[in-house]
Every structure is written in structure tokens, then in C-alpha cells.
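Source file: work-v7.cif. Holds: mmCIF, C-alpha atoms.
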data_structure
loop_
_atom_site.label_atom_id
_atom_site.label_comp_id
_atom_site.auth_asym_id
_atom_site.auth_seq_id
_atom_site.Cartn_x
_atom_site.Cartn_y
_atom_site.Cartn_z
CA MET S 1 -3.31 -88.89 -47.32
CA THR S 2 -0.88 -86.22 -46.11
CA ALA S 3 -1.75 -84.54 -42.81
CA THR S 4 -2.12 -80.77 -42.84
CA PRO S 5 0.76 -79.15 -40.93
CA VAL S 6 -0.26 -77.55 -37.66
CA THR S 7 0.12 -73.76 -37.67
CA LYS S 8 1.51 -72.00 -34.62
CA PRO S 9 0.16 -68.43 -34.88
CA LEU S 10 2.65 -66.86 -32.49
CA LEU S 11 5.64 -68.49 -34.17
CA GLU S 12 4.31 -67.45 -37.59
CA THR S 13 4.12 -63.87 -36.32
CA VAL S 14 7.73 -63.97 -35.13
CA LEU S 15 8.66 -65.15 -38.61
CA GLY S 16 7.04 -62.03 -40.08
CA ARG S 17 3.60 -63.28 -41.09
CA ARG S 18 0.72 -61.30 -39.62
CA GLN S 19 -2.09 -63.61 -38.46
CA GLU S 20 -5.86 -63.44 -38.77
CA ARG S 21 -6.13 -64.04 -35.01
CA LEU S 22 -4.10 -61.91 -32.60
CA PRO S 23 -1.43 -63.99 -30.84
CA ILE S 24 -1.05 -63.26 -27.12
CA TRP S 25 1.27 -64.20 -24.28
CA ILE S 26 2.09 -62.35 -21.07
CA MET S 27 5.52 -61.74 -19.60
CA ARG S 28 5.79 -63.59 -16.27
CA GLN S 29 2.52 -65.33 -17.10
CA ALA S 30 3.62 -68.21 -14.86
CA GLY S 31 3.99 -66.73 -11.41
CA ARG S 32 2.75 -65.27 -8.19
CA TYR S 33 -0.59 -63.87 -9.39
CA LEU S 34 -1.80 -67.48 -9.83
CA PRO S 35 -2.91 -69.35 -6.67
CA GLU S 36 -1.81 -72.67 -8.16
CA TYR S 37 1.71 -71.27 -8.58
CA ARG S 38 1.82 -70.00 -4.99
CA GLU S 39 0.74 -73.41 -3.73
CA LEU S 40 3.44 -75.20 -5.70
CA ARG S 41 6.10 -72.62 -4.84
CA ALA S 42 5.44 -73.12 -1.11
CA ARG S 43 6.58 -76.73 -1.32
CA ALA S 44 9.38 -76.36 -3.84
CA GLY S 45 12.23 -75.23 -1.58
CA SER S 46 14.29 -72.29 -2.81
CA PHE S 47 13.51 -70.42 -6.02
CA LEU S 48 16.56 -71.93 -7.71
CA ASP S 49 15.45 -75.37 -6.54
CA LEU S 50 12.20 -74.76 -8.41
CA CYS S 51 14.05 -73.62 -11.54
CA TYR S 52 16.15 -76.81 -11.49
CA ASN S 53 13.26 -79.20 -10.85
CA PRO S 54 11.94 -80.34 -14.26
CA GLU S 55 8.75 -81.85 -12.84
CA LEU S 56 7.73 -78.72 -10.95
CA ALA S 57 9.10 -76.18 -13.46
CA SER S 58 7.25 -77.80 -16.35
CA GLU S 59 4.04 -77.78 -14.33
CA VAL S 60 4.50 -74.08 -13.55
CA THR S 61 5.20 -73.35 -17.23
CA LEU S 62 1.92 -74.96 -18.28
CA GLN S 63 -0.31 -73.56 -15.52
CA PRO S 64 -1.35 -70.30 -17.23
CA LEU S 65 -2.34 -72.09 -20.44
CA ARG S 66 -4.88 -74.11 -18.50
CA ARG S 67 -6.54 -70.88 -17.32
CA PHE S 68 -6.22 -68.57 -20.31
CA ASP S 69 -6.44 -68.71 -24.10
CA LEU S 70 -2.77 -67.89 -24.64
CA ASP S 71 -0.75 -68.76 -27.73
CA ALA S 72 2.54 -69.61 -26.07
CA ALA S 73 4.15 -71.15 -23.04
CA ILE S 74 7.39 -69.56 -21.91
CA LEU S 75 9.91 -71.68 -20.07
CA PHE S 76 9.78 -71.13 -16.30
CA SER S 77 13.32 -70.30 -15.25
CA ASP S 78 15.38 -67.20 -14.50
CA ILE S 79 18.03 -65.18 -16.29
CA LEU S 80 20.46 -65.79 -13.40
CA VAL S 81 20.74 -69.53 -13.91
CA ILE S 82 23.62 -68.75 -16.27
CA PRO S 83 25.83 -67.05 -13.64
CA ASP S 84 24.94 -69.89 -11.28
CA ALA S 85 25.92 -72.43 -13.95
CA LEU S 86 29.19 -70.58 -14.60
CA GLY S 87 30.17 -71.04 -10.96
CA GLN S 88 29.20 -67.71 -9.39
CA SER S 89 27.41 -67.84 -6.05
CA VAL S 90 23.71 -66.97 -6.64
CA ARG S 91 20.88 -67.01 -4.13
CA PHE S 92 17.42 -65.47 -3.91
CA GLU S 93 16.43 -63.74 -0.67
CA VAL S 94 12.71 -63.69 0.13
CA GLY S 95 11.39 -60.16 -0.28
CA GLU S 96 14.73 -58.85 -1.53
CA GLY S 97 15.48 -60.64 -4.80
CA PRO S 98 18.74 -62.07 -6.13
CA ARG S 99 22.04 -61.79 -4.31
CA LEU S 100 25.32 -62.70 -6.02
CA GLU S 101 28.95 -62.69 -4.92
CA PRO S 102 30.22 -59.83 -7.13
CA VAL S 103 32.78 -60.81 -9.74
CA THR S 104 36.16 -59.10 -9.86
CA PRO S 105 38.74 -58.90 -12.67
CA ASP S 106 40.55 -61.82 -11.01
CA SER S 107 37.49 -64.01 -10.37
CA ILE S 108 36.20 -63.73 -13.96
CA GLY S 109 38.92 -66.21 -14.95
CA ARG S 110 37.34 -68.81 -12.70
CA LEU S 111 34.01 -68.74 -14.54
CA ASP S 112 33.72 -71.86 -16.67
CA PRO S 113 31.42 -71.78 -19.72
CA LYS S 114 32.37 -75.37 -20.55
CA ARG S 115 30.58 -76.68 -17.45
CA ALA S 116 27.54 -74.44 -17.74
CA LEU S 117 25.40 -76.63 -19.99
CA GLU S 118 25.81 -79.65 -17.72
CA LYS S 119 24.59 -77.59 -14.76
CA LEU S 120 21.66 -76.36 -16.87
CA SER S 121 20.61 -79.85 -17.98
CA PRO S 122 17.56 -79.86 -15.64
CA VAL S 123 16.30 -76.72 -17.36
CA ILE S 124 16.69 -78.37 -20.75
CA GLU S 125 14.75 -81.35 -19.43
CA THR S 126 11.99 -78.93 -18.43
CA VAL S 127 11.83 -77.76 -22.06
CA ARG S 128 11.42 -81.37 -23.21
CA ARG S 129 8.63 -81.99 -20.73
CA VAL S 130 6.78 -78.82 -21.64
CA ARG S 131 7.02 -79.61 -25.33
CA ALA S 132 5.56 -83.05 -24.68
CA GLY S 133 2.67 -81.57 -22.68
CA LEU S 134 1.92 -78.59 -24.94
CA SER S 135 -0.78 -78.51 -27.60
CA SER S 136 0.69 -78.65 -31.10
CA GLU S 137 -0.66 -75.21 -32.09
CA LYS S 138 0.99 -73.52 -29.09
CA THR S 139 4.45 -71.95 -29.38
CA LEU S 140 7.11 -72.81 -26.81
CA ILE S 141 9.33 -69.84 -25.98
CA GLY S 142 12.77 -70.34 -24.49
CA PHE S 143 14.92 -67.48 -23.25
CA CYS S 144 18.03 -66.17 -21.62
CA GLY S 145 19.17 -62.88 -20.21
CA SER S 146 21.30 -60.80 -22.55
CA PRO S 147 24.97 -60.35 -21.59
CA TRP S 148 24.80 -56.72 -20.44
CA THR S 149 21.80 -57.36 -18.20
CA VAL S 150 23.28 -60.52 -16.69
CA ALA S 151 26.62 -58.75 -16.22
CA THR S 152 24.97 -55.97 -14.22
CA TYR S 153 23.89 -58.54 -11.62
CA MET S 154 27.21 -60.38 -11.71
CA ILE S 155 29.19 -57.20 -11.14
CA GLY S 156 26.82 -55.35 -8.82
CA GLY S 157 25.74 -58.39 -6.83
CA ARG S 158 22.08 -57.40 -6.99
CA GLY S 159 19.56 -55.44 -9.05
CA SER S 160 20.10 -51.71 -9.38
CA SER S 161 18.07 -48.82 -10.75
CA ASP S 162 21.08 -47.24 -12.49
CA GLN S 163 23.51 -50.17 -12.99
CA ALA S 164 26.27 -47.84 -11.73
CA ALA S 165 28.60 -50.60 -10.53
CA ALA S 166 28.55 -52.36 -13.90
CA ARG S 167 28.85 -49.14 -15.88
CA VAL S 168 31.90 -48.02 -13.89
CA PHE S 169 33.44 -51.51 -14.12
CA ALA S 170 33.00 -51.56 -17.89
CA LEU S 171 34.58 -48.12 -18.23
CA THR S 172 37.51 -48.64 -15.85
CA GLN S 173 38.18 -52.36 -16.43
CA PRO S 174 37.46 -52.73 -20.16
CA GLU S 175 39.58 -55.84 -20.71
CA ALA S 176 38.02 -57.72 -17.78
CA PHE S 177 34.57 -56.60 -18.83
CA ALA S 178 35.17 -57.80 -22.39
CA ARG S 179 36.23 -61.20 -21.04
CA LEU S 180 33.04 -61.41 -18.99
CA ILE S 181 30.87 -60.52 -21.99
CA ASP S 182 32.66 -63.11 -24.14
CA ILE S 183 31.97 -65.79 -21.52
CA LEU S 184 28.30 -64.83 -21.32
CA ILE S 185 27.94 -64.86 -25.11
CA GLU S 186 29.44 -68.34 -25.35
CA ALA S 187 27.29 -69.72 -22.53
CA SER S 188 24.14 -68.07 -23.90
CA ILE S 189 24.60 -69.51 -27.39
CA ASP S 190 25.10 -73.01 -26.00
CA TYR S 191 22.11 -72.66 -23.66
CA LEU S 192 19.72 -71.33 -26.31
CA ALA S 193 20.79 -73.92 -28.89
CA ALA S 194 20.11 -76.64 -26.31
CA GLN S 195 16.64 -75.19 -25.71
CA PHE S 196 15.88 -75.34 -29.43
CA ARG S 197 17.09 -78.93 -29.65
CA ALA S 198 14.86 -79.84 -26.70
CA GLY S 199 11.74 -78.42 -28.38
CA ALA S 200 11.65 -74.62 -28.12
CA ASP S 201 10.14 -72.91 -31.18
CA VAL S 202 11.52 -69.42 -30.55
CA VAL S 203 13.70 -67.74 -27.94
CA GLN S 204 13.60 -64.31 -26.37
CA LEU S 205 16.64 -62.28 -25.37
CA PHE S 206 15.77 -60.32 -22.22
CA GLU S 207 17.85 -57.14 -22.15
CA SER S 208 16.06 -55.94 -19.04
CA TRP S 209 18.51 -53.15 -18.18
CA ALA S 210 19.06 -51.49 -21.55
CA LEU S 211 18.24 -48.09 -20.06
CA ASN S 212 20.74 -45.63 -18.55
CA LEU S 213 23.28 -46.18 -21.34
CA ASP S 214 24.56 -43.55 -23.75
CA GLU S 215 24.52 -44.44 -27.43
CA VAL S 216 28.16 -45.59 -27.49
CA ALA S 217 27.73 -47.87 -24.48
CA PHE S 218 24.45 -49.14 -25.91
CA ARG S 219 26.17 -50.02 -29.19
CA ASP S 220 29.07 -51.78 -27.50
CA TRP S 221 27.36 -53.45 -24.52
CA VAL S 222 23.86 -54.14 -25.85
CA ILE S 223 23.73 -54.24 -29.65
CA GLU S 224 27.03 -56.01 -30.30
CA PRO S 225 26.66 -58.82 -27.72
CA ASN S 226 23.07 -59.48 -28.81
CA ARG S 227 24.16 -59.50 -32.45
CA ARG S 228 26.89 -62.02 -31.66
CA ILE S 229 24.43 -64.27 -29.84
CA VAL S 230 21.97 -64.22 -32.75
CA GLU S 231 24.75 -64.89 -35.24
CA GLY S 232 26.32 -67.65 -33.17
CA LEU S 233 22.97 -69.28 -32.40
CA ARG S 234 22.10 -69.44 -36.09
CA ARG S 235 25.36 -71.24 -36.78
CA GLU S 236 24.06 -73.94 -34.43
CA ILE S 237 20.34 -73.68 -35.28
CA PRO S 238 19.93 -72.29 -38.83
CA ASP S 239 17.29 -69.55 -39.09
CA ALA S 240 16.56 -69.73 -35.34
CA PRO S 241 13.63 -67.36 -34.59
CA VAL S 242 14.59 -64.74 -31.99
CA ILE S 243 12.61 -62.04 -30.18
CA GLY S 244 14.68 -59.19 -28.78
CA PHE S 245 13.38 -57.25 -25.78
CA PRO S 246 15.67 -54.31 -24.93
CA ARG S 247 13.68 -52.66 -22.10
CA GLY S 248 14.33 -48.95 -21.87
CA ALA S 249 16.20 -48.72 -25.17
CA ALA S 250 14.17 -45.64 -26.21
CA GLY S 251 15.84 -43.88 -29.15
CA ASN S 252 18.28 -46.75 -29.58
CA LEU S 253 15.47 -49.14 -30.63
CA PRO S 254 15.83 -48.64 -34.41
CA ALA S 255 19.56 -49.38 -34.31
CA TYR S 256 18.96 -52.47 -32.15
CA ALA S 257 16.29 -53.69 -34.58
CA ARG S 258 18.48 -53.16 -37.65
CA GLN S 259 21.78 -54.47 -36.33
CA THR S 260 21.10 -57.41 -33.99
CA GLY S 261 19.30 -59.65 -36.50
CA VAL S 262 16.31 -60.39 -34.26
CA ASN S 263 13.10 -61.43 -36.01
CA LEU S 264 10.72 -59.45 -33.82
CA LEU S 265 11.11 -56.57 -31.38
CA GLY S 266 9.59 -56.42 -27.90
CA LEU S 267 8.53 -52.92 -26.87
CA ASP S 268 8.41 -51.78 -23.27
CA TYR S 269 5.39 -49.79 -22.08
CA GLY S 270 7.33 -46.52 -22.14
CA THR S 271 7.70 -46.71 -25.94
CA PRO S 272 5.24 -44.34 -27.65
CA LEU S 273 3.05 -46.24 -30.10
CA GLY S 274 3.89 -43.83 -32.91
CA PHE S 275 7.59 -44.54 -32.47
CA ALA S 276 7.08 -47.84 -34.27
CA ARG S 277 7.10 -45.81 -37.49
CA GLU S 278 10.85 -45.38 -36.94
CA LEU S 279 11.38 -49.14 -37.04
CA PRO S 280 12.17 -51.10 -40.21
CA ALA S 281 9.07 -51.63 -42.36
CA GLY S 282 7.48 -55.02 -41.83
CA LEU S 283 9.35 -55.78 -38.61
CA GLY S 284 7.03 -57.50 -36.14
CA VAL S 285 6.56 -56.03 -32.69
CA GLN S 286 5.48 -57.36 -29.31
CA GLY S 287 3.77 -55.44 -26.54
CA ASN S 288 3.22 -53.15 -24.91
CA LEU S 289 0.55 -52.58 -22.23
CA ASP S 290 1.70 -51.11 -18.91
CA PRO S 291 1.37 -53.93 -16.33
CA LEU S 292 -0.21 -51.47 -13.89
CA ARG S 293 -2.99 -50.74 -16.38
CA LEU S 294 -3.72 -54.46 -16.24
CA LEU S 295 -3.61 -54.36 -12.45
CA ALA S 296 -6.04 -51.41 -12.32
CA GLY S 297 -8.35 -52.81 -15.02
CA GLY S 298 -11.59 -51.15 -16.06
CA GLU S 299 -12.32 -48.83 -18.96
CA GLN S 300 -8.84 -47.25 -18.99
CA MET S 301 -7.32 -50.66 -19.68
CA ASP S 302 -9.83 -51.47 -22.42
CA VAL S 303 -9.14 -48.16 -24.17
CA ARG S 304 -5.38 -48.59 -24.05
CA VAL S 305 -5.55 -52.20 -25.29
CA ARG S 306 -7.58 -51.07 -28.30
CA GLU S 307 -5.11 -48.24 -28.98
CA ILE S 308 -2.19 -50.67 -28.97
CA VAL S 309 -3.92 -53.11 -31.30
CA ALA S 310 -4.84 -50.29 -33.70
CA ALA S 311 -1.32 -48.82 -33.68
CA PHE S 312 0.27 -52.00 -35.03
CA ARG S 313 -2.23 -52.95 -37.74
CA ASP S 314 0.39 -52.41 -40.43
CA ARG S 315 2.86 -55.03 -39.18
CA PRO S 316 3.00 -58.44 -37.47
CA HIS S 317 1.99 -57.99 -33.83
CA ILE S 318 2.07 -60.16 -30.71
CA PHE S 319 0.05 -58.64 -27.88
CA ASN S 320 1.87 -58.61 -24.56
CA LEU S 321 2.62 -56.38 -21.63
CA GLY S 322 5.53 -53.97 -21.79
CA HIS S 323 7.09 -55.71 -18.78
CA GLY S 324 6.17 -58.52 -16.40
CA ILE S 325 2.74 -58.97 -14.84
CA VAL S 326 2.70 -57.90 -11.18
CA PRO S 327 1.74 -60.39 -8.44
CA GLU S 328 -1.33 -58.44 -7.27
CA THR S 329 -3.03 -58.61 -10.68
CA PRO S 330 -6.61 -60.00 -10.51
CA ILE S 331 -7.17 -63.06 -12.68
CA ALA S 332 -10.41 -61.53 -14.01
CA HIS S 333 -8.38 -58.62 -15.44
CA VAL S 334 -6.22 -61.04 -17.43
CA GLU S 335 -9.33 -62.71 -18.83
CA ARG S 336 -10.72 -59.30 -19.79
CA LEU S 337 -7.44 -58.25 -21.41
CA ILE S 338 -7.42 -61.26 -23.70
CA ALA S 339 -11.06 -60.79 -24.70
CA VAL S 340 -10.67 -57.07 -25.45
CA ALA S 341 -7.43 -57.50 -27.40
CA ARG S 342 -8.84 -60.27 -29.56
CA GLY S 343 -12.05 -58.32 -30.15
CA ALA S 344 -10.11 -55.24 -31.27
CA TYR S 345 -7.84 -57.04 -33.73
#
Can the structure in the file be given as C-alpha cells, please?
Amino acid sequence: MTATPVTKPLLETVLGRRQERLPIWIMRQAGRYLPEYRELRARAGSFLDLCYNPELASEVTLQPLRRFDLDAAILFSDILVIPDALGQSVRFEVGEGPRLEPVTPDSIGRLDPKRALEKLSPVIETVRRVRAGLSSEKTLIGFCGSPWTVATYMIGGRGSSDQAAARVFALTQPEAFARLIDILIEASIDYLAAQFRAGADVVQLFESWALNLDEVAFRDWVIEPNRRIVEGLRREIPDAPVIGFPRGAAGNLPAYARQTGVNLLGLDYGTPLGFARELPAGLGVQGNLDPLRLLAGGEQMDVRVREIVAAFRDRPHIFNLGHGIVPETPIAHVERLIAVARGAY
């Protein structure tokens, strides 16, 4: 007797098939709002030490699924493991965030994509461990930062509200910037393919700093590198399912959706719900509750959750926040969010 294949609702949604039950996951669902994470983090050493520790990182990845009825685990790691693996100095300062030694046109030549995957092998081992510990109906999401977003940190040395250092570098040093983007594309393809081979079902491209770009820069620095990653990844992993999340893309969203080749589009919380009508028919979407509505909770959250669910009834939809959950979020609010979203579907 042949066993019935196990269905993974979130993966099916990414592949364009709307489900009878609303699939849900939450950006940064493994993190500081959970007491079990804070306890583990306190004994892990540095943040990068935690990212490179398969035993602890796999435990962190699975923690939220023990508390909540979520449809996916997302690999616990960080988008800046790639610059670290390429040989750039990366550290995380408590209370301040990432600090990198800024690249220069000369130092870009010292970045080595050939060594990156070896450095990232502990992260790939984390994927294997999570896959082994994850229920068969749950989707495992891998990820990386998209080249423009990662480049903004590599050039600026830290996060920035306007990405001015990277924008000026790209405009005044176009050849050096193109070399950097090529290196990041190569490393990202290798990294994502390795995640798939280790057990990931789908990957997400985090273009966290897609805002503040004019349409020409967006085309050249966001759409084209993401398109090349999707194309190159599918040469390694045929038909690899990919979610694209270009935060702050605004009016550039339709072009990103049409031209990158992603299977499903993540929407940030600033995207008006009616704007989805501008997207290709049948394209699945993910999102897009404001994380601070989840923090505040109450009737306003319930109303907005129902509005989001109703707005996307005509296409595949994964419910999520429109950016990462904030550390102060009460656990009871997350439980309420899931119940309201599922009840409204």
C-alpha cells in the first residue's frame, strides 16, 4: 500500500496553490520576545557564535513551533554571515547592532567567494538538524540577504536609514560596486543551494533596504541581482521555490514581481492592501501586519488582521508581519493573532 504524501501547506502556497487553511509564520519568530530564547542566548557567547553553533541554532529555530501553531520554521541565522564568510570583519555590538570594517575598491579584491561555503558549513548543519527535528507537514525556510542590502552594510559598516554611503559608492565607483555585487551573487547562490540540499523547502531573499532608491537604481541594484540569484539557484536546484521580500519597494513592487522570477512576494506593512491589484494575477503574497499592531494588541489588531485576510482572498496568501516581530511583544498577542487570522480565512 502506497503512503499518502505529506502536504506542506506553506510550501504549497509558495508554489501558487491557495490552501483551505491559512498558512502562517512570523518574521523573527525565533528571538528576543521568547524567554527560552533569552535564556539560551545568555549562555551562547557572541551573536555570531550562536549563528555558527548548530546545536544551539537548531534549538532556537524550533522554539517558536513548540509554542505556536505555525506552519514553518525559518533558519536561525543572520544576513551578515555572508560578509563574514567572505573574509570581511563582522561583529555585533550589544545595543548597537552590526559593525563591519567598510570595504573599499581595493579591499573588494580580497573577498573570497570560494571559501565562503566552508565557513558557512555550521549553518548548513543547522539546516540538517532542523529538518530532522521538524514535523513532516511543516515547511523549512532558508534565507539570505539580497546583494544590495548586504552591500549597504559592507560599504557603510553599519545599518543606515538612507544607505547614503552605499548609494554614493555605487554611483561614484560603479566598477568596484559591480564586482562586489557579482561576488555576493555567487556566494548567495552557493549558500542557498547548500541550504536546499540540506533540507530547506523554500528560501526567502531579504531585500531589507529596498527603499530610498530611484527606479533606475532599483532596477540595477535590486531587481537584476535578485533575478540573477533566482536564475542561478535554479540551475543548481531546478524549480527552487523562492519568496522575495523587497521591503520599502513601494511602486517598484510590480516590476520586482514580474522580473525577478520569485514564486511569492512578501509585502511590507507600508504596502496598501489594494495595491496588490497591481501585481500579476495569481501571484501569491505574504504579509503584512504592522509589528507594532501586534505589540499593541486588542481590537485594533483583530480588525486589521481580518482586513488583511479579506484583501488577499483572490490569491495564495501566507499570513505574516510586514517586518520582524519586536522584542517587547507579549506572547499572548501572538497567540491571539494566529487565532484571529485562522478564524477570518
* Asked: Which residue out of S:Arg315, S:Asn212, S:Ile189, S:Phe177 has the minimum interatomic distance to S:Ser161 when all atoms listed in the file are used?
  ->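 Nearest candidate to S:Ser161 out of S:Arg315, S:Asn212, S:Ile189, S:Phe177: S:Asn212.
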* If you count all atoms listed in the file, which residues fall within 7 Å of stretch 196-206 of chain S, apart from same-chain ones fewer than 6 positions away, as an MDAnalysis selection string? -> chainID S and resid 11 124 127:128 131 139:146 240:246
* Asked: What would the list of residues within 9 Å of (-3.8, -58.6, -25.4) (file frame) look like as a list in words, if all atoms listed in the file are what count?
  -> Leu22, Pro23, Ile24, Trp25, Ile26, Gly287, Asn288, Leu289, Val305, Arg306, Ile308, Val309, Ile318, Phe319, Asn320, Leu321, Val334, Arg336, Leu337, Ile338, Ala339, Val340, Ala341 and Arg342 of chain S
* Asked: If you apply the PyMOL selection byres ((chain S and resi 111) around 6) to this file, what residues do you get, as a PyMOL selection string?
  -> chain S and resi 86-87+108-110+112
* Using the chain letters and numbers from the file, give me the residues hit by the PyMOL selection byres ((chain S and resi 47) around 10), as a list in words. => Arg41, Ala42, Ala44, Gly45, Ser46, Leu48, Asp49, Leu50, Cys51, Tyr52, Ser77, Asp78, Arg91, Phe92, Glu93, Val94 and Pro98 of chain S
* Matched chain/residue IDs from the PyMOL selection byres ((chain S and resi 188) around 12), as a ChimeraX atom specification -> /S:79-83,85-86,113-114,116-117,120,142-148,150,181-187,189-195,203-206,225-226,228-233
Fill-in result for stretch 155-177 of chain S, N, CA, C and O atoms as an mmCIF file, in the coordinates of the input:
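The resulting file, selection_3.cif, is shown below:
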data_model
loop_
_atom_site.group_PDB
_atom_site.id
_atom_site.type_symbol
_atom_site.label_atom_id
_atom_site.label_comp_id
_atom_site.auth_asym_id
_atom_site.auth_seq_id
_atom_site.Cartn_x
_atom_site.Cartn_y
_atom_site.Cartn_z
ATOM 1 N N ILE S 155 28.239 -58.193 -11.624
ATOM 2 C CA ILE S 155 29.190 -57.200 -11.140
ATOM 3 C C ILE S 155 28.658 -56.492 -9.901
ATOM 4 O O ILE S 155 29.374 -56.306 -8.919
ATOM 5 N N GLY S 156 27.405 -56.103 -9.928
ATOM 6 C CA GLY S 156 26.820 -55.350 -8.820
ATOM 7 C C GLY S 156 26.384 -56.216 -7.648
ATOM 8 O O GLY S 156 26.216 -55.715 -6.531
ATOM 9 N N GLY S 157 26.161 -57.502 -7.895
ATOM 10 C CA GLY S 157 25.740 -58.390 -6.830
ATOM 11 C C GLY S 157 24.255 -58.384 -6.537
ATOM 12 O O GLY S 157 23.772 -59.173 -5.729
ATOM 13 N N ARG S 158 23.518 -57.510 -7.211
ATOM 14 C CA ARG S 158 22.080 -57.400 -6.990
ATOM 15 C C ARG S 158 21.504 -56.482 -8.070
ATOM 16 O O ARG S 158 22.237 -55.872 -8.844
ATOM 17 N N GLY S 159 20.178 -56.365 -8.121
ATOM 18 C CA GLY S 159 19.560 -55.440 -9.050
ATOM 19 C C GLY S 159 19.845 -53.998 -8.650
ATOM 20 O O GLY S 159 20.107 -53.702 -7.482
ATOM 21 N N SER S 160 19.789 -53.123 -9.620
ATOM 22 C CA SER S 160 20.100 -51.710 -9.380
ATOM 23 C C SER S 160 19.291 -50.859 -10.339
ATOM 24 O O SER S 160 19.077 -51.239 -11.491
ATOM 25 N N SER S 161 18.861 -49.700 -9.878
ATOM 26 C CA SER S 161 18.070 -48.820 -10.750
ATOM 27 C C SER S 161 18.917 -48.103 -11.781
ATOM 28 O O SER S 161 18.394 -47.641 -12.798
ATOM 29 N N ASP S 162 20.225 -47.980 -11.540
ATOM 30 C CA ASP S 162 21.080 -47.240 -12.490
ATOM 31 C C ASP S 162 22.255 -48.059 -13.016
ATOM 32 O O ASP S 162 23.026 -47.572 -13.827
ATOM 33 N N GLN S 163 22.428 -49.291 -12.541
ATOM 34 C CA GLN S 163 23.510 -50.170 -12.990
ATOM 35 C C GLN S 163 24.885 -49.509 -12.856
ATOM 36 O O GLN S 163 25.796 -49.753 -13.652
ATOM 37 N N ALA S 164 25.041 -48.639 -11.851
ATOM 38 C CA ALA S 164 26.270 -47.840 -11.730
ATOM 39 C C ALA S 164 27.503 -48.719 -11.574
ATOM 40 O O ALA S 164 28.545 -48.446 -12.191
ATOM 41 N N ALA S 165 27.414 -49.768 -10.759
ATOM 42 C CA ALA S 165 28.600 -50.600 -10.530
ATOM 43 C C ALA S 165 29.094 -51.222 -11.840
ATOM 44 O O ALA S 165 30.297 -51.221 -12.132
ATOM 45 N N ALA S 166 28.165 -51.734 -12.639
ATOM 46 C CA ALA S 166 28.550 -52.360 -13.900
ATOM 47 C C ALA S 166 29.048 -51.330 -14.904
ATOM 48 O O ALA S 166 30.003 -51.594 -15.659
ATOM 49 N N ARG S 167 28.421 -50.178 -14.930
ATOM 50 C CA ARG S 167 28.850 -49.140 -15.880
ATOM 51 C C ARG S 167 30.268 -48.674 -15.556
ATOM 52 O O ARG S 167 31.106 -48.519 -16.458
ATOM 53 N N VAL S 168 30.552 -48.457 -14.277
ATOM 54 C CA VAL S 168 31.900 -48.020 -13.890
ATOM 55 C C VAL S 168 32.906 -49.131 -14.162
ATOM 56 O O VAL S 168 34.013 -48.872 -14.666
ATOM 57 N N PHE S 169 32.537 -50.385 -13.853
ATOM 58 C CA PHE S 169 33.440 -51.510 -14.120
ATOM 59 C C PHE S 169 33.777 -51.575 -15.601
ATOM 60 O O PHE S 169 34.952 -51.742 -15.977
ATOM 61 N N ALA S 170 32.763 -51.458 -16.450
ATOM 62 C CA ALA S 170 33.000 -51.560 -17.890
ATOM 63 C C ALA S 170 33.903 -50.438 -18.396
ATOM 64 O O ALA S 170 34.699 -50.642 -19.320
ATOM 65 N N LEU S 171 33.785 -49.270 -17.799
ATOM 66 C CA LEU S 171 34.580 -48.120 -18.230
ATOM 67 C C LEU S 171 36.000 -48.143 -17.676
ATOM 68 O O LEU S 171 36.937 -47.677 -18.339
ATOM 69 N N THR S 172 36.182 -48.675 -16.480
ATOM 70 C CA THR S 172 37.510 -48.640 -15.850
ATOM 71 C C THR S 172 38.274 -49.953 -15.971
ATOM 72 O O THR S 172 39.499 -49.971 -15.789
ATOM 73 N N GLN S 173 37.549 -51.045 -16.269
ATOM 74 C CA GLN S 173 38.180 -52.360 -16.430
ATOM 75 C C GLN S 173 37.733 -52.964 -17.770
ATOM 76 O O GLN S 173 37.140 -54.052 -17.806
ATOM 77 N N PRO S 174 38.025 -52.288 -18.879
ATOM 78 C CA PRO S 174 37.460 -52.730 -20.160
ATOM 79 C C PRO S 174 37.888 -54.126 -20.583
ATOM 80 O O PRO S 174 37.093 -54.862 -21.181
ATOM 81 N N GLU S 175 39.126 -54.516 -20.295
ATOM 82 C CA GLU S 175 39.580 -55.840 -20.710
ATOM 83 C C GLU S 175 38.854 -56.933 -19.911
ATOM 84 O O GLU S 175 38.406 -57.941 -20.475
ATOM 85 N N ALA S 176 38.734 -56.744 -18.606
ATOM 86 C CA ALA S 176 38.020 -57.720 -17.780
ATOM 87 C C ALA S 176 36.553 -57.777 -18.165
ATOM 88 O O ALA S 176 35.957 -58.862 -18.226
ATOM 89 N N PHE S 177 35.972 -56.622 -18.433
ATOM 90 C CA PHE S 177 34.570 -56.600 -18.830
ATOM 91 C C PHE S 177 34.371 -57.316 -20.155
ATOM 92 O O PHE S 177 33.419 -58.086 -20.322
#
